[in-house]
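Asks: File follows, protein-v7.txt with compact mmCIF, C-alpha atoms (C1' of nucleotides):
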```
# COMPACT_ATOMS: atom_id res chain seq x y z
CA MET A 1 15.15 -63.27 -32.62
CA LEU A 2 18.86 -63.80 -32.73
CA LYS A 3 20.31 -66.93 -31.13
CA ARG A 4 22.88 -66.85 -28.35
CA ASP A 5 25.87 -67.54 -30.59
CA GLN A 6 24.65 -64.91 -33.03
CA ILE A 7 24.47 -62.38 -30.21
CA GLU A 8 28.04 -63.23 -29.20
CA THR A 9 29.15 -62.61 -32.77
CA PHE A 10 27.04 -59.46 -32.93
CA PHE A 11 28.83 -57.79 -30.03
CA ALA A 12 32.24 -59.22 -30.82
CA ARG A 13 32.06 -57.45 -34.17
CA LEU A 14 30.80 -54.16 -32.75
CA GLN A 15 33.59 -54.34 -30.20
CA ALA A 16 36.19 -55.02 -32.87
CA ALA A 17 34.93 -52.06 -34.87
CA ASN A 18 35.07 -49.82 -31.82
CA PRO A 19 37.29 -51.21 -29.02
CA ALA A 20 36.98 -48.21 -26.68
CA PRO A 21 33.53 -46.75 -27.22
CA LYS A 22 32.68 -43.41 -25.65
CA GLY A 23 29.59 -41.27 -25.60
CA GLU A 24 29.56 -38.05 -27.54
CA LEU A 25 28.00 -35.80 -24.93
CA ASN A 26 30.57 -33.57 -23.26
CA TYR A 27 30.73 -33.32 -19.47
CA VAL A 28 33.26 -32.75 -16.70
CA ASN A 29 31.75 -34.55 -13.69
CA PRO A 30 28.65 -36.58 -12.74
CA TYR A 31 26.57 -33.45 -12.21
CA THR A 32 27.32 -31.99 -15.63
CA LEU A 33 26.70 -35.38 -17.21
CA LEU A 34 23.31 -35.48 -15.54
CA VAL A 35 22.53 -31.99 -16.84
CA ALA A 36 23.77 -32.84 -20.34
CA VAL A 37 21.61 -35.94 -20.53
CA VAL A 38 18.53 -34.05 -19.32
CA LEU A 39 19.18 -31.46 -22.03
CA SER A 40 19.66 -34.12 -24.68
CA ALA A 41 16.05 -35.32 -24.78
CA GLN A 42 14.82 -35.11 -28.38
CA ALA A 43 17.95 -33.19 -29.35
CA THR A 44 21.24 -34.03 -31.06
CA ASP A 45 24.37 -34.41 -28.98
CA VAL A 46 26.12 -31.94 -31.26
CA GLY A 47 23.50 -29.32 -30.49
CA VAL A 48 23.72 -30.01 -26.76
CA ASN A 49 27.52 -29.83 -26.76
CA LYS A 50 27.43 -26.52 -28.57
CA ALA A 51 25.28 -25.06 -25.79
CA THR A 52 27.03 -26.69 -22.83
CA GLU A 53 30.56 -25.82 -23.90
CA LYS A 54 30.37 -22.32 -22.45
CA LEU A 55 27.87 -23.28 -19.76
CA PHE A 56 30.06 -25.94 -18.14
CA GLN A 57 33.07 -23.64 -18.10
CA ARG A 58 31.21 -21.42 -15.67
CA VAL A 59 28.77 -23.87 -14.13
CA ASP A 60 29.79 -27.34 -12.98
CA THR A 61 27.97 -27.66 -9.64
CA PRO A 62 24.36 -27.28 -8.42
CA GLN A 63 25.43 -24.26 -6.38
CA LYS A 64 26.75 -22.44 -9.42
CA MET A 65 23.66 -23.42 -11.43
CA LEU A 66 21.37 -21.83 -8.86
CA LYS A 67 23.56 -18.76 -8.89
CA LEU A 68 23.18 -18.58 -12.66
CA GLY A 69 19.42 -18.88 -12.31
CA GLU A 70 16.68 -20.03 -14.66
CA ALA A 71 16.80 -16.99 -16.93
CA GLY A 72 20.57 -17.21 -17.21
CA LEU A 73 20.39 -20.91 -17.98
CA LYS A 74 17.79 -20.36 -20.69
CA GLU A 75 20.10 -17.88 -22.33
CA HIS A 76 22.71 -20.64 -22.63
CA ILE A 77 20.39 -23.40 -23.87
CA LYS A 78 17.81 -21.55 -25.94
CA THR A 79 19.09 -23.22 -29.11
CA ILE A 80 18.09 -26.62 -27.77
CA GLY A 81 14.56 -27.88 -28.35
CA LEU A 82 12.21 -28.02 -25.35
CA PHE A 83 14.54 -25.56 -23.60
CA ASN A 84 11.85 -24.01 -21.40
CA THR A 85 10.90 -27.14 -19.52
CA LYS A 86 14.49 -28.35 -19.52
CA ALA A 87 15.67 -25.15 -17.84
CA LYS A 88 12.99 -25.43 -15.17
CA ASN A 89 13.88 -29.07 -14.57
CA VAL A 90 17.62 -28.40 -14.26
CA ILE A 91 17.06 -25.60 -11.75
CA ARG A 92 14.65 -27.66 -9.63
CA LEU A 93 16.87 -30.70 -9.87
CA SER A 94 19.83 -28.64 -8.70
CA GLU A 95 17.85 -27.31 -5.74
CA ILE A 96 16.99 -30.85 -4.69
CA LEU A 97 20.56 -32.13 -5.09
CA LEU A 98 21.84 -29.30 -2.96
CA ARG A 99 19.21 -29.60 -0.25
CA ASP A 100 18.82 -33.37 0.03
CA PHE A 101 22.06 -34.85 -1.34
CA LYS A 102 24.83 -32.45 -0.33
CA GLY A 103 25.11 -31.29 -3.92
CA GLU A 104 26.12 -34.73 -5.15
CA VAL A 105 24.53 -37.04 -7.70
CA PRO A 106 22.94 -40.11 -6.04
CA GLN A 107 24.14 -43.47 -7.33
CA ASP A 108 20.69 -44.99 -7.17
CA ARG A 109 18.24 -45.36 -10.02
CA ASP A 110 15.07 -44.99 -7.98
CA ILE A 111 16.35 -41.83 -6.33
CA LEU A 112 17.61 -40.40 -9.62
CA GLN A 113 14.19 -40.96 -11.16
CA THR A 114 12.53 -38.79 -8.54
CA LEU A 115 14.46 -35.79 -9.89
CA PRO A 116 12.50 -33.56 -12.29
CA GLY A 117 13.38 -34.26 -15.93
CA VAL A 118 15.06 -37.55 -15.03
CA GLY A 119 13.38 -40.74 -16.20
CA ARG A 120 14.63 -44.29 -16.38
CA LYS A 121 16.73 -43.76 -19.49
CA THR A 122 18.56 -40.72 -18.10
CA ALA A 123 19.11 -42.45 -14.76
CA ASN A 124 20.57 -45.49 -16.50
CA VAL A 125 22.92 -43.34 -18.56
CA VAL A 126 24.25 -41.56 -15.47
CA LEU A 127 24.74 -44.81 -13.58
CA ASN A 128 26.55 -46.38 -16.51
CA ILE A 129 28.71 -43.50 -17.70
CA ALA A 130 29.41 -41.57 -14.51
CA PHE A 131 29.55 -44.46 -12.08
CA GLY A 132 30.52 -47.45 -14.21
CA LEU A 133 27.52 -49.63 -13.42
CA PRO A 134 26.32 -52.13 -16.06
CA THR A 135 22.92 -50.52 -16.58
CA ILE A 136 21.45 -50.50 -20.09
CA ALA A 137 19.83 -47.22 -21.11
CA VAL A 138 17.40 -47.69 -23.98
CA ASP A 139 17.15 -44.55 -26.07
CA THR A 140 15.59 -44.04 -29.48
CA HIS A 141 18.62 -45.51 -31.28
CA ILE A 142 18.95 -48.60 -29.13
CA PHE A 143 15.21 -49.23 -29.27
CA ARG A 144 15.37 -49.14 -33.05
CA VAL A 145 18.49 -51.30 -33.39
CA ALA A 146 17.29 -53.89 -30.89
CA ASN A 147 14.00 -54.30 -32.73
CA ARG A 148 15.28 -54.08 -36.29
CA THR A 149 18.07 -56.57 -35.94
CA GLY A 150 16.18 -59.06 -33.81
CA LEU A 151 18.71 -58.66 -31.01
CA ALA A 152 16.12 -57.85 -28.33
CA PRO A 153 12.65 -57.15 -29.71
CA GLY A 154 10.06 -55.38 -27.55
CA LYS A 155 7.04 -53.10 -27.90
CA ASP A 156 8.25 -50.51 -25.42
CA VAL A 157 11.57 -49.39 -24.00
CA LEU A 158 11.08 -51.21 -20.71
CA LYS A 159 10.60 -54.52 -22.47
CA VAL A 160 13.60 -53.89 -24.71
CA GLU A 161 15.71 -53.07 -21.66
CA ALA A 162 14.60 -56.27 -19.94
CA ALA A 163 15.31 -58.27 -23.09
CA LEU A 164 18.79 -56.75 -23.41
CA GLU A 165 19.45 -57.39 -19.73
CA LYS A 166 18.70 -61.05 -20.35
CA ARG A 167 20.33 -61.47 -23.74
CA VAL A 168 23.51 -59.39 -23.71
CA PRO A 169 26.41 -61.60 -22.60
CA GLU A 170 28.02 -60.42 -19.36
CA PRO A 171 31.38 -59.37 -20.85
CA PHE A 172 29.61 -56.93 -23.19
CA LYS A 173 27.11 -55.45 -20.74
CA LEU A 174 29.15 -52.53 -19.48
CA HIS A 175 29.73 -51.04 -22.92
CA CYS A 176 26.82 -52.42 -24.95
CA HIS A 177 24.98 -49.12 -24.53
CA HIS A 178 27.71 -47.26 -26.40
CA TRP A 179 28.16 -49.87 -29.08
CA LEU A 180 24.46 -49.98 -29.83
CA ILE A 181 23.94 -46.24 -29.78
CA LEU A 182 26.90 -45.51 -32.05
CA HIS A 183 25.83 -48.27 -34.40
CA GLY A 184 22.32 -46.83 -34.46
CA ARG A 185 23.49 -43.29 -35.05
CA TYR A 186 25.98 -43.87 -37.83
CA VAL A 187 25.02 -47.15 -39.49
CA CYS A 188 21.59 -48.43 -38.49
CA LYS A 189 20.08 -44.99 -38.97
CA ALA A 190 16.39 -44.25 -38.62
CA ARG A 191 15.77 -42.86 -42.10
CA LYS A 192 18.31 -44.45 -44.36
CA PRO A 193 20.06 -47.43 -42.78
CA ASP A 194 23.56 -47.88 -44.16
CA CYS A 195 23.36 -51.65 -44.42
CA GLY A 196 26.23 -51.70 -46.91
CA ARG A 197 28.62 -50.73 -44.13
CA CYS A 198 27.05 -52.82 -41.40
CA VAL A 199 29.30 -55.39 -39.72
CA VAL A 200 26.37 -57.50 -38.53
CA ARG A 201 24.38 -57.42 -41.73
CA ASP A 202 24.47 -61.20 -42.19
CA LEU A 203 22.93 -61.69 -38.75
CA CYS A 204 20.34 -58.94 -39.03
CA GLN A 205 16.65 -59.69 -39.48
CA PHE A 206 15.76 -56.35 -41.00
CA LYS A 207 13.70 -57.11 -44.08
CA GLU A 208 14.41 -54.03 -46.15
CA LYS A 209 18.16 -54.31 -46.28
CA ASN A 210 19.67 -51.53 -48.34
CA VAL A 211 22.65 -51.93 -50.62
C1' DC B 1 -1.97 -39.89 -25.75
C1' DT B 2 -0.39 -35.01 -25.93
C1' DC B 3 2.63 -31.43 -25.13
C1' DC B 4 7.20 -29.47 -24.90
C1' DC B 5 10.11 -27.20 -29.30
C1' DG B 6 15.02 -25.62 -31.93
C1' DA B 7 18.39 -27.50 -35.04
C1' DT B 8 19.61 -30.66 -38.43
C1' DA B 9 19.33 -34.33 -42.06
C1' DT B 10 17.01 -35.96 -45.89
C1' DA C 1 8.54 -29.86 -46.33
C1' DT C 2 9.01 -33.27 -42.88
C1' DA C 3 11.11 -36.74 -39.94
C1' DT C 4 14.20 -37.13 -36.38
C1' DC C 5 17.10 -36.09 -32.60
C1' DA C 6 21.11 -39.81 -25.92
C1' DG C 7 12.75 -38.34 -23.31
C1' DG C 8 9.88 -37.00 -19.58
C1' DA C 9 5.71 -35.28 -17.43
C1' DG C 10 0.74 -34.39 -17.08
```
Translate the structure described by the file into structure tokens.
Replies:
Amino acid sequence: MLKRDQIETFFARLQAANPAPKGELNYVNPYTLLVAVVLSAQATDVGVNKATEKLFQRVDTPQKMLKLGEAGLKEHIKTIGLFNTKAKNVIRLSEILLRDFKGEVPQDRDILQTLPGVGRKTANVVLNIAFGLPTIAVDTHIFRVANRTGLAPGKDVLKVEAALEKRVPEPFKLHCHHWLILHGRYVCKARKPDCGRCVVRDLCQFKEKNV
DNA sequence: CTCCCGATAT
DNA sequence: ATATCAGGAG
């Protein structure tokens, strides 16, 4: 496990490498962000953006989504994996938002998690990105980076989230999600980690460091 | 733990 | 050919 001063250095370097980190999923408002994140499960952001580009031009509210309908939605997202269940979830989720929340996205994690297709990770992303809260969403990339480096080891995503919550210094909390995910996607990759270009290589506890 | 399930990288 | 991709539900 990394020490406190090492963690400070860790994030200071990621911040220096990427001062204004942003996610790579496209959206136009909290609702479309929620939909985009639901669609992004086990899919690449590039693939999701390709499908949502046309979709969000026409559909950016729960009302319009219900007007489009499940069949219409599937037509838009059929290139995304797991599209059948995702389409069902988005339609049902939109019905609930419209009926119980005046068509708006609740700013509450427990409520968000009651929506179909929305788990803890998706809820945390929406709270962080759409509403600016310092929640830490642990996806596949962050789980891998946290464990590999020794930043915040844990056997499951909940434990990693708790460890990050404890160990990430306050000034870095708001954007740590983006720094970690981008680092995981482009440098600390699942298959072939690019340790040669890693800015925290000297701190990292990964045993099989590549050249 | 299994199922969902297309596109992309390796 | 196969592992992986901004996971969640039964």
Asks: With a cut-off of 7 Å, could you pull out the residues of chain A touching chain B and give me the nearest pair of atoms for each, distance in Å to one decimal, using all atoms listed in the file, ordered by chain and ascending number, as a Markdown table?
Replies:
```
| residue | atom | partner | partner_atom | distance |
| --- | --- | --- | --- | --- |
| A:Thr79 | CA | B:DG6 | C1' | 5.5 |
| A:Ile80 | CA | B:DG6 | C1' | 5.3 |
| A:Gly81 | CA | B:DG6 | C1' | 4.3 |
| A:Leu82 | CA | B:DC5 | C1' | 4.5 |
| A:Thr85 | CA | B:DC4 | C1' | 6.9 |
```
Asks: How close does chain C get to chain A? List, as a Markdown table, each residue of chain C within 10 Å, its nearest atom pair and the distance in Å to one decimal, counting all atoms listed in the file.
Replies:
```
| residue | atom | partner | partner_atom | distance |
| --- | --- | --- | --- | --- |
| C:DA3 | C1' | A:Arg191 | CA | 8.0 |
| C:DT4 | C1' | A:Ala190 | CA | 7.8 |
| C:DC5 | C1' | A:Ala43 | CA | 4.4 |
| C:DA6 | C1' | A:Ser40 | CA | 6.0 |
| C:DG7 | C1' | A:Ala41 | CA | 4.7 |
| C:DG8 | C1' | A:Gly117 | CA | 5.8 |
| C:DA9 | C1' | A:Gly117 | CA | 7.9 |
```
Asks: How many Å separate atom CA of A:Ile136 from atom CA of A:Ala152?
Replies: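 That distance, rounded to one decimal, is 12.3 Å.
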Asks: Can you tell me how far atom CA of A:Arg201 sits from atom CA of A:Leu2, in Å to one decimal?
Replies: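 About the pair atom CA of A:Arg201 and atom CA of A:Leu2: they are 12.3 Å apart.
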Asks: Within 10 Å of stretch 51-57 of chain A, counting all atoms listed in the file, which residues show up once you throw out same-chain ones fewer than 5 positions away? Write them as an NGL selection string, please.
Replies: :A and (25-29 or 32 or 35-36 or 39 or 45-46 or 64-65 or 68 or 72-73 or 75-80)
Asks: Please report the interatomic distance between atom CA of A:His175 and atom CA of A:Val126 in Å with one decimal.
Replies: 13.2 Å
Asks: Identify, on the basis of only C-alpha atoms (C1' of nucleotides), every residue whose closest approach to A:Thr135 does not exceed 8 Å; exclude the query and any residue fewer than 2 positions from it along the same chain; express the result as a list in words.
Replies: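 Counting only the stated atoms, we get Asn124, Val125, Leu127, Asn128, Leu133, Ala137, Lys173 and Leu174 of chain A.
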Asks: Fewer than 5 positions away in the same chain doesn't count, so skip those; otherwise give me all residues within 12 Å of A:Phe206, counting all atoms listed in the file, as number ranges by chain.
Replies: A: 1-2, 144-151, 153, 188, 193-195, 198, 200-201
Asks: Determine, counting all atoms listed in the file, which protein, DNA and RNA residues have an atom within 10 Å of an atom of A:Ala17; residues of the same chain fewer than 4 positions away are not included. Present the result as a PyMOL selection string.
Replies: chain A and resi 11-13+21+179+183+199
Asks: Is there a way to complete stretch 20-31 of chain A with all heavy atoms and then write that out as a PDB file, in the coordinates of the input?
Replies:
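Once written, part22.pdb looks like this:
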```pdb
ATOM      1  N   ALA A  20      37.143 -49.068 -27.867  1.00  0.00           N
ATOM      2  CA  ALA A  20      36.980 -48.210 -26.680  1.00  0.00           C
ATOM      3  C   ALA A  20      35.884 -47.184 -26.910  1.00  0.00           C
ATOM      4  O   ALA A  20      36.152 -46.007 -27.114  1.00  0.00           O
ATOM      5  CB  ALA A  20      38.292 -47.516 -26.335  1.00  0.00           C
ATOM      6  N   PRO A  21      34.636 -47.634 -26.879  1.00  0.00           N
ATOM      7  CA  PRO A  21      33.530 -46.750 -27.220  1.00  0.00           C
ATOM      8  C   PRO A  21      33.302 -45.692 -26.146  1.00  0.00           C
ATOM      9  O   PRO A  21      33.406 -45.970 -24.960  1.00  0.00           O
ATOM     10  CB  PRO A  21      32.338 -47.698 -27.288  1.00  0.00           C
ATOM     11  CG  PRO A  21      32.670 -48.764 -26.304  1.00  0.00           C
ATOM     12  CD  PRO A  21      34.160 -48.931 -26.396  1.00  0.00           C
ATOM     13  N   LYS A  22      33.012 -44.481 -26.584  1.00  0.00           N
ATOM     14  CA  LYS A  22      32.680 -43.410 -25.650  1.00  0.00           C
ATOM     15  C   LYS A  22      31.454 -42.667 -26.147  1.00  0.00           C
ATOM     16  O   LYS A  22      31.196 -42.618 -27.345  1.00  0.00           O
ATOM     17  CB  LYS A  22      33.843 -42.425 -25.506  1.00  0.00           C
ATOM     18  CG  LYS A  22      34.999 -42.976 -24.685  1.00  0.00           C
ATOM     19  CD  LYS A  22      35.957 -41.870 -24.279  1.00  0.00           C
ATOM     20  CE  LYS A  22      36.653 -41.284 -25.491  1.00  0.00           C
ATOM     21  NZ  LYS A  22      37.702 -40.322 -25.110  1.00  0.00           N
ATOM     22  N   GLY A  23      30.728 -42.095 -25.231  1.00  0.00           N
ATOM     23  CA  GLY A  23      29.590 -41.270 -25.600  1.00  0.00           C
ATOM     24  C   GLY A  23      30.074 -39.992 -26.252  1.00  0.00           C
ATOM     25  O   GLY A  23      31.249 -39.660 -26.192  1.00  0.00           O
ATOM     26  N   GLU A  24      29.162 -39.267 -26.842  1.00  0.00           N
ATOM     27  CA  GLU A  24      29.560 -38.050 -27.540  1.00  0.00           C
ATOM     28  C   GLU A  24      29.011 -36.800 -26.883  1.00  0.00           C
ATOM     29  O   GLU A  24      29.139 -35.711 -27.418  1.00  0.00           O
ATOM     30  CB  GLU A  24      29.129 -38.154 -29.014  1.00  0.00           C
ATOM     31  CG  GLU A  24      29.785 -39.350 -29.684  1.00  0.00           C
ATOM     32  CD  GLU A  24      29.517 -39.445 -31.168  1.00  0.00           C
ATOM     33  OE1 GLU A  24      28.465 -38.971 -31.604  1.00  0.00           O
ATOM     34  OE2 GLU A  24      30.377 -39.990 -31.882  1.00  0.00           O
ATOM     35  N   LEU A  25      28.410 -36.964 -25.715  1.00  0.00           N
ATOM     36  CA  LEU A  25      28.000 -35.800 -24.930  1.00  0.00           C
ATOM     37  C   LEU A  25      29.180 -35.371 -24.062  1.00  0.00           C
ATOM     38  O   LEU A  25      29.802 -36.189 -23.401  1.00  0.00           O
ATOM     39  CB  LEU A  25      26.832 -36.160 -24.004  1.00  0.00           C
ATOM     40  CG  LEU A  25      25.410 -36.120 -24.560  1.00  0.00           C
ATOM     41  CD1 LEU A  25      24.433 -36.528 -23.488  1.00  0.00           C
ATOM     42  CD2 LEU A  25      25.082 -34.752 -25.116  1.00  0.00           C
ATOM     43  N   ASN A  26      29.463 -34.078 -24.070  1.00  0.00           N
ATOM     44  CA  ASN A  26      30.570 -33.570 -23.260  1.00  0.00           C
ATOM     45  C   ASN A  26      30.125 -33.290 -21.829  1.00  0.00           C
ATOM     46  O   ASN A  26      29.025 -32.799 -21.598  1.00  0.00           O
ATOM     47  CB  ASN A  26      31.133 -32.298 -23.886  1.00  0.00           C
ATOM     48  CG  ASN A  26      31.775 -32.577 -25.239  1.00  0.00           C
ATOM     49  OD1 ASN A  26      32.219 -33.695 -25.501  1.00  0.00           O
ATOM     50  ND2 ASN A  26      31.813 -31.581 -26.093  1.00  0.00           N
ATOM     51  N   TYR A  27      31.007 -33.589 -20.876  1.00  0.00           N
ATOM     52  CA  TYR A  27      30.730 -33.320 -19.470  1.00  0.00           C
ATOM     53  C   TYR A  27      32.038 -33.335 -18.698  1.00  0.00           C
ATOM     54  O   TYR A  27      33.049 -33.834 -19.208  1.00  0.00           O
ATOM     55  CB  TYR A  27      29.780 -34.380 -18.901  1.00  0.00           C
ATOM     56  CG  TYR A  27      30.353 -35.779 -18.876  1.00  0.00           C
ATOM     57  CD1 TYR A  27      30.900 -36.302 -17.709  1.00  0.00           C
ATOM     58  CD2 TYR A  27      30.360 -36.563 -20.025  1.00  0.00           C
ATOM     59  CE1 TYR A  27      31.434 -37.578 -17.681  1.00  0.00           C
ATOM     60  CE2 TYR A  27      30.905 -37.839 -20.008  1.00  0.00           C
ATOM     61  CZ  TYR A  27      31.426 -38.342 -18.838  1.00  0.00           C
ATOM     62  OH  TYR A  27      31.969 -39.603 -18.817  1.00  0.00           O
ATOM     63  N   VAL A  28      32.023 -32.809 -17.472  1.00  0.00           N
ATOM     64  CA  VAL A  28      33.260 -32.750 -16.700  1.00  0.00           C
ATOM     65  C   VAL A  28      33.171 -33.476 -15.361  1.00  0.00           C
ATOM     66  O   VAL A  28      34.176 -33.717 -14.704  1.00  0.00           O
ATOM     67  CB  VAL A  28      33.709 -31.281 -16.459  1.00  0.00           C
ATOM     68  CG1 VAL A  28      33.989 -30.598 -17.790  1.00  0.00           C
ATOM     69  CG2 VAL A  28      32.659 -30.521 -15.677  1.00  0.00           C
ATOM     70  N   ASN A  29      31.949 -33.816 -14.944  1.00  0.00           N
ATOM     71  CA  ASN A  29      31.750 -34.550 -13.690  1.00  0.00           C
ATOM     72  C   ASN A  29      30.343 -35.140 -13.710  1.00  0.00           C
ATOM     73  O   ASN A  29      29.573 -34.879 -14.643  1.00  0.00           O
ATOM     74  CB  ASN A  29      31.956 -33.621 -12.487  1.00  0.00           C
ATOM     75  CG  ASN A  29      31.049 -32.401 -12.548  1.00  0.00           C
ATOM     76  OD1 ASN A  29      29.971 -32.459 -13.122  1.00  0.00           O
ATOM     77  ND2 ASN A  29      31.484 -31.306 -11.977  1.00  0.00           N
ATOM     78  N   PRO A  30      29.984 -35.960 -12.726  1.00  0.00           N
ATOM     79  CA  PRO A  30      28.650 -36.580 -12.740  1.00  0.00           C
ATOM     80  C   PRO A  30      27.516 -35.571 -12.834  1.00  0.00           C
ATOM     81  O   PRO A  30      26.530 -35.821 -13.545  1.00  0.00           O
ATOM     82  CB  PRO A  30      28.616 -37.329 -11.402  1.00  0.00           C
ATOM     83  CG  PRO A  30      30.034 -37.698 -11.143  1.00  0.00           C
ATOM     84  CD  PRO A  30      30.837 -36.525 -11.643  1.00  0.00           C
ATOM     85  N   TYR A  31      27.646 -34.456 -12.159  1.00  0.00           N
ATOM     86  CA  TYR A  31      26.570 -33.450 -12.210  1.00  0.00           C
ATOM     87  C   TYR A  31      26.375 -32.894 -13.624  1.00  0.00           C
ATOM     88  O   TYR A  31      25.244 -32.808 -14.104  1.00  0.00           O
ATOM     89  CB  TYR A  31      26.858 -32.310 -11.234  1.00  0.00           C
ATOM     90  CG  TYR A  31      25.896 -31.158 -11.380  1.00  0.00           C
ATOM     91  CD1 TYR A  31      24.560 -31.294 -11.002  1.00  0.00           C
ATOM     92  CD2 TYR A  31      26.315 -29.948 -11.940  1.00  0.00           C
ATOM     93  CE1 TYR A  31      23.663 -30.250 -11.165  1.00  0.00           C
ATOM     94  CE2 TYR A  31      25.428 -28.902 -12.106  1.00  0.00           C
ATOM     95  CZ  TYR A  31      24.100 -29.056 -11.713  1.00  0.00           C
ATOM     96  OH  TYR A  31      23.219 -28.026 -11.885  1.00  0.00           O
TER      97      TYR A  31
END
```
